[in-house]
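Worksheet: one structure, shown below.
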Amino acid sequence: MSFYKYHVFFCTNQRPDQQMCCENAGASKLRAYAKARIKALGLSGEGEIRINTSGCLDRCSEGPVLVVYPEDTWYTFVDEQDIEEIIQEHLLKGRVVKRLLIK
Ligand code: FES
């Protein structure tokens, strides 16, 4: 059994030039939103959900990106509404949010 039910990694990498990168699309701010929401829902800690920061996941052109393990489900997102939908549907109900999937 996994230590966490879901382990979510947000790429917050910032590339040094003006190339596409997750941080330039607000990744850190939205990672912080996700972390605060999971804590507010009482879902952080062992056996629950962990929100982590990641370096570049090498999918920069599809970003910003996050990945949910153990399923290896990749999402892109734009705003807090997208993150909330991932929390409510995927992390709470186990239902993939198809509209935000990246293949
Ligand atoms: S900067 Fe996020 S995947 Fe590369």
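Going by the structure tokens order, chains are called A, B, ..., each with residues numbered from 1, while ligands are numbered from 1 in the order shown.
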
Chain A residues near ligand 1 within 7 Å, closest pair each, using only C-alpha atoms and all ligand atoms, as CSV:
residue,atom,partner,partner_atom_place_in_ligand_line,distance
A:Cys11,CA,ligand 1,2 (Fe),4.7
A:Thr12,CA,ligand 1,2 (Fe),6.1
A:Asn13,CA,ligand 1,1 (S),4.6
A:Gln14,CA,ligand 1,1 (S),6.0
A:Arg15,CA,ligand 1,1 (S),6.6
A:Met20,CA,ligand 1,1 (S),7.0
A:Cys21,CA,ligand 1,1 (S),3.8
A:Cys22,CA,ligand 1,2 (Fe),4.3
A:Glu23,CA,ligand 1,1 (S),6.8
A:Gly55,CA,ligand 1,2 (Fe),6.9
A:Cys56,CA,ligand 1,4 (Fe),3.9
A:Leu57,CA,ligand 1,3 (S),4.0
A:Asp58,CA,ligand 1,3 (S),4.3
A:Arg59,CA,ligand 1,3 (S),4.0
A:Cys60,CA,ligand 1,4 (Fe),3.6
A:Gly63,CA,ligand 1,2 (Fe),5.9
A:Pro64,CA,ligand 1,2 (Fe),5.9
A:Val65,CA,ligand 1,2 (Fe),6.1

**In chain A, DSSP strand (DSSP E or B) residues written as a list in words** = Tyr6, His7, Val8, Phe9, Phe10, Cys11, Ser44, Ile49, Arg50, Ile51, Asn52, Thr53, Ser54, Val65, Leu66, Val67, Val68, Tyr69, Thr73, Trp74, Tyr75, Thr76 and Leu101 of chain A

Can those selected residues be exported to a file as an mmCIF file, in the first residue's frame so that it contains N, CA, C and O atoms?
data_model
loop_
_atom_site.group_PDB
_atom_site.id
_atom_site.type_symbol
_atom_site.label_atom_id
_atom_site.label_comp_id
_atom_site.auth_asym_id
_atom_site.auth_seq_id
_atom_site.Cartn_x
_atom_site.Cartn_y
_atom_site.Cartn_z
ATOM 1 N N TYR A 6 -3.035 9.629 -2.674
ATOM 2 C CA TYR A 6 -2.675 10.357 -3.895
ATOM 3 C C TYR A 6 -1.475 11.234 -3.604
ATOM 4 O O TYR A 6 -1.437 11.919 -2.573
ATOM 5 N N HIS A 7 -0.535 11.214 -4.532
ATOM 6 C CA HIS A 7 0.630 12.078 -4.422
ATOM 7 C C HIS A 7 0.638 12.944 -5.680
ATOM 8 O O HIS A 7 0.723 12.427 -6.795
ATOM 9 N N VAL A 8 0.517 14.251 -5.459
ATOM 10 C CA VAL A 8 0.328 15.189 -6.567
ATOM 11 C C VAL A 8 1.556 16.085 -6.681
ATOM 12 O O VAL A 8 1.957 16.730 -5.701
ATOM 13 N N PHE A 9 2.136 16.107 -7.860
ATOM 14 C CA PHE A 9 3.317 16.936 -8.100
ATOM 15 C C PHE A 9 2.975 18.049 -9.087
ATOM 16 O O PHE A 9 2.535 17.777 -10.205
ATOM 17 N N PHE A 10 3.204 19.281 -8.643
ATOM 18 C CA PHE A 10 3.052 20.452 -9.503
ATOM 19 C C PHE A 10 4.440 20.873 -9.973
ATOM 20 O O PHE A 10 5.309 21.161 -9.136
ATOM 21 N N CYS A 11 4.643 20.952 -11.258
ATOM 22 C CA CYS A 11 5.882 21.546 -11.753
ATOM 23 C C CYS A 11 5.826 23.038 -11.482
ATOM 24 O O CYS A 11 4.868 23.710 -11.881
ATOM 25 N N SER A 44 -4.821 15.914 4.477
ATOM 26 C CA SER A 44 -3.372 15.824 4.371
ATOM 27 C C SER A 44 -2.844 14.809 5.377
ATOM 28 O O SER A 44 -3.505 14.507 6.371
ATOM 29 N N ILE A 49 -3.653 12.668 1.124
ATOM 30 C CA ILE A 49 -3.212 13.324 -0.108
ATOM 31 C C ILE A 49 -2.035 14.245 0.199
ATOM 32 O O ILE A 49 -2.076 15.010 1.170
ATOM 33 N N ARG A 50 -1.030 14.164 -0.641
ATOM 34 C CA ARG A 50 0.147 15.014 -0.499
ATOM 35 C C ARG A 50 0.303 15.862 -1.758
ATOM 36 O O ARG A 50 0.269 15.339 -2.868
ATOM 37 N N ILE A 51 0.467 17.159 -1.548
ATOM 38 C CA ILE A 51 0.710 18.085 -2.659
ATOM 39 C C ILE A 51 2.170 18.507 -2.591
ATOM 40 O O ILE A 51 2.614 19.047 -1.576
ATOM 41 N N ASN A 52 2.920 18.259 -3.650
ATOM 42 C CA ASN A 52 4.338 18.598 -3.671
ATOM 43 C C ASN A 52 4.712 19.437 -4.871
ATOM 44 O O ASN A 52 4.035 19.429 -5.901
ATOM 45 N N THR A 53 5.830 20.121 -4.706
ATOM 46 C CA THR A 53 6.438 20.889 -5.780
ATOM 47 C C THR A 53 7.399 19.993 -6.548
ATOM 48 O O THR A 53 8.058 19.139 -5.960
ATOM 49 N N SER A 54 7.468 20.208 -7.822
ATOM 50 C CA SER A 54 8.422 19.465 -8.641
ATOM 51 C C SER A 54 9.221 20.432 -9.504
ATOM 52 O O SER A 54 8.752 21.526 -9.818
ATOM 53 N N VAL A 65 1.681 21.985 -15.783
ATOM 54 C CA VAL A 65 1.317 20.587 -15.613
ATOM 55 C C VAL A 65 1.404 20.160 -14.151
ATOM 56 O O VAL A 65 2.199 20.679 -13.374
ATOM 57 N N LEU A 66 0.545 19.198 -13.845
ATOM 58 C CA LEU A 66 0.659 18.460 -12.585
ATOM 59 C C LEU A 66 0.422 16.996 -12.919
ATOM 60 O O LEU A 66 -0.202 16.667 -13.928
ATOM 61 N N VAL A 67 0.929 16.126 -12.040
ATOM 62 C CA VAL A 67 0.722 14.699 -12.231
ATOM 63 C C VAL A 67 0.257 14.091 -10.916
ATOM 64 O O VAL A 67 0.732 14.463 -9.849
ATOM 65 N N VAL A 68 -0.728 13.205 -11.025
ATOM 66 C CA VAL A 68 -1.301 12.527 -9.851
ATOM 67 C C VAL A 68 -0.838 11.077 -9.866
ATOM 68 O O VAL A 68 -1.080 10.354 -10.851
ATOM 69 N N TYR A 69 -0.178 10.665 -8.799
ATOM 70 C CA TYR A 69 0.195 9.259 -8.611
ATOM 71 C C TYR A 69 -0.661 8.674 -7.495
ATOM 72 O O TYR A 69 -1.076 9.405 -6.601
ATOM 73 N N THR A 73 -1.650 10.178 -13.781
ATOM 74 C CA THR A 73 -2.606 10.987 -14.538
ATOM 75 C C THR A 73 -2.076 12.405 -14.630
ATOM 76 O O THR A 73 -1.785 13.037 -13.607
ATOM 77 N N TRP A 74 -1.984 12.893 -15.859
ATOM 78 C CA TRP A 74 -1.389 14.226 -16.100
ATOM 79 C C TRP A 74 -2.474 15.223 -16.458
ATOM 80 O O TRP A 74 -3.319 14.965 -17.302
ATOM 81 N N TYR A 75 -2.390 16.399 -15.801
ATOM 82 C CA TYR A 75 -3.352 17.467 -16.065
ATOM 83 C C TYR A 75 -2.635 18.766 -16.393
ATOM 84 O O TYR A 75 -1.526 19.026 -15.914
ATOM 85 N N THR A 76 -3.346 19.585 -17.136
ATOM 86 C CA THR A 76 -2.993 20.987 -17.227
ATOM 87 C C THR A 76 -4.121 21.775 -16.593
ATOM 88 O O THR A 76 -5.202 21.231 -16.320
ATOM 89 N N LEU A 101 -7.136 16.727 -19.033
ATOM 90 C CA LEU A 101 -6.096 15.712 -19.240
ATOM 91 C C LEU A 101 -5.105 16.135 -20.305
ATOM 92 O O LEU A 101 -5.480 16.740 -21.312
#

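For the atom pair formed by CA of Phe77 in chain A and CA of Leu91 in chain A, the distance is 15.1 Å, given to one decimal.
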
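Closest approach to Ile87 in chain A from the set A:Ala36, A:Glu46, A:Ser61, A:Asp72 is made by A:Ala36, with distances taken over only C-alpha atoms.
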
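Here CA of Arg31 in chain A stands at a distance of 9.5 Å from CA of Glu80 in chain A.
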
**Prompt:** Pick from A:Leu92, A:Ile102, A:Val78, A:Val97: nearest to Lys29 in chain A, with only C-alpha atoms counted?
**Reply:** A:Val78

If you run DSSP over the backbone, which residues in chain A end up alpha helix (DSSP H)? Put them as a PDB file with N, CA and C atoms, in the first residue's frame.
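Saved to result.pdb:
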ATOM      1  N   ALA A  27       2.053  28.478 -11.687  1.00  0.00           N
ATOM      2  CA  ALA A  27       2.030  27.163 -11.046  1.00  0.00           C
ATOM      3  C   ALA A  27       2.179  27.225  -9.525  1.00  0.00           C
ATOM      4  N   SER A  28       3.083  28.043  -9.019  1.00  0.00           N
ATOM      5  CA  SER A  28       3.300  28.083  -7.553  1.00  0.00           C
ATOM      6  C   SER A  28       2.058  28.565  -6.825  1.00  0.00           C
ATOM      7  N   LYS A  29       1.419  29.575  -7.367  1.00  0.00           N
ATOM      8  CA  LYS A  29       0.209  30.120  -6.746  1.00  0.00           C
ATOM      9  C   LYS A  29      -0.892  29.059  -6.704  1.00  0.00           C
ATOM     10  N   LEU A  30      -1.026  28.308  -7.768  1.00  0.00           N
ATOM     11  CA  LEU A  30      -2.084  27.298  -7.813  1.00  0.00           C
ATOM     12  C   LEU A  30      -1.708  26.050  -7.013  1.00  0.00           C
ATOM     13  N   ARG A  31      -0.430  25.747  -6.907  1.00  0.00           N
ATOM     14  CA  ARG A  31       0.001  24.667  -6.005  1.00  0.00           C
ATOM     15  C   ARG A  31      -0.339  25.043  -4.560  1.00  0.00           C
ATOM     16  N   ALA A  32      -0.085  26.292  -4.197  1.00  0.00           N
ATOM     17  CA  ALA A  32      -0.400  26.752  -2.840  1.00  0.00           C
ATOM     18  C   ALA A  32      -1.909  26.667  -2.584  1.00  0.00           C
ATOM     19  N   TYR A  33      -2.691  26.993  -3.587  1.00  0.00           N
ATOM     20  CA  TYR A  33      -4.147  26.882  -3.452  1.00  0.00           C
ATOM     21  C   TYR A  33      -4.527  25.430  -3.181  1.00  0.00           C
ATOM     22  N   ALA A  34      -3.981  24.501  -3.963  1.00  0.00           N
ATOM     23  CA  ALA A  34      -4.295  23.079  -3.785  1.00  0.00           C
ATOM     24  C   ALA A  34      -3.893  22.606  -2.391  1.00  0.00           C
ATOM     25  N   LYS A  35      -2.725  22.995  -1.961  1.00  0.00           N
ATOM     26  CA  LYS A  35      -2.227  22.567  -0.647  1.00  0.00           C
ATOM     27  C   LYS A  35      -3.153  23.078   0.462  1.00  0.00           C
ATOM     28  N   ALA A  36      -3.541  24.330   0.364  1.00  0.00           N
ATOM     29  CA  ALA A  36      -4.427  24.907   1.374  1.00  0.00           C
ATOM     30  C   ALA A  36      -5.793  24.224   1.364  1.00  0.00           C
ATOM     31  N   ARG A  37      -6.292  23.911   0.207  1.00  0.00           N
ATOM     32  CA  ARG A  37      -7.605  23.260   0.116  1.00  0.00           C
ATOM     33  C   ARG A  37      -7.570  21.841   0.709  1.00  0.00           C
ATOM     34  N   ILE A  38      -6.502  21.102   0.402  1.00  0.00           N
ATOM     35  CA  ILE A  38      -6.391  19.739   0.944  1.00  0.00           C
ATOM     36  C   ILE A  38      -6.287  19.788   2.466  1.00  0.00           C
ATOM     37  N   LYS A  39      -5.551  20.752   2.968  1.00  0.00           N
ATOM     38  CA  LYS A  39      -5.441  20.905   4.421  1.00  0.00           C
ATOM     39  C   LYS A  39      -6.797  21.275   5.016  1.00  0.00           C
ATOM     40  N   ALA A  40      -7.496  22.217   4.390  1.00  0.00           N
ATOM     41  CA  ALA A  40      -8.804  22.657   4.888  1.00  0.00           C
ATOM     42  C   ALA A  40      -9.818  21.515   4.890  1.00  0.00           C
ATOM     43  N   GLU A  80      -7.898  28.572 -10.347  1.00  0.00           N
ATOM     44  CA  GLU A  80      -8.328  27.865  -9.138  1.00  0.00           C
ATOM     45  C   GLU A  80      -9.541  26.976  -9.410  1.00  0.00           C
ATOM     46  N   GLN A  81     -10.377  27.374 -10.311  1.00  0.00           N
ATOM     47  CA  GLN A  81     -11.549  26.559 -10.654  1.00  0.00           C
ATOM     48  C   GLN A  81     -11.115  25.202 -11.202  1.00  0.00           C
ATOM     49  N   ASP A  82     -10.088  25.193 -12.042  1.00  0.00           N
ATOM     50  CA  ASP A  82      -9.581  23.922 -12.577  1.00  0.00           C
ATOM     51  C   ASP A  82      -9.006  23.058 -11.456  1.00  0.00           C
ATOM     52  N   ILE A  83      -8.237  23.674 -10.580  1.00  0.00           N
ATOM     53  CA  ILE A  83      -7.646  22.917  -9.466  1.00  0.00           C
ATOM     54  C   ILE A  83      -8.748  22.371  -8.553  1.00  0.00           C
ATOM     55  N   GLU A  84      -9.739  23.180  -8.308  1.00  0.00           N
ATOM     56  CA  GLU A  84     -10.849  22.727  -7.459  1.00  0.00           C
ATOM     57  C   GLU A  84     -11.573  21.538  -8.092  1.00  0.00           C
ATOM     58  N   GLU A  85     -11.725  21.568  -9.391  1.00  0.00           N
ATOM     59  CA  GLU A  85     -12.383  20.453 -10.078  1.00  0.00           C
ATOM     60  C   GLU A  85     -11.549  19.175  -9.964  1.00  0.00           C
ATOM     61  N   LEU A  92     -11.145  13.439  -4.583  1.00  0.00           N
ATOM     62  CA  LEU A  92     -12.201  13.049  -3.633  1.00  0.00           C
ATOM     63  C   LEU A  92     -13.074  11.916  -4.136  1.00  0.00           C
ATOM     64  N   LYS A  93     -13.300  11.840  -5.448  1.00  0.00           N
ATOM     65  CA  LYS A  93     -14.221  10.833  -5.966  1.00  0.00           C
ATOM     66  C   LYS A  93     -13.565   9.804  -6.885  1.00  0.00           C
TER      67      LYS A  93
END

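Taking CA of Glu71 in chain A as the reference point, CA of Gly45 in chain A is found at 18.8 Å.
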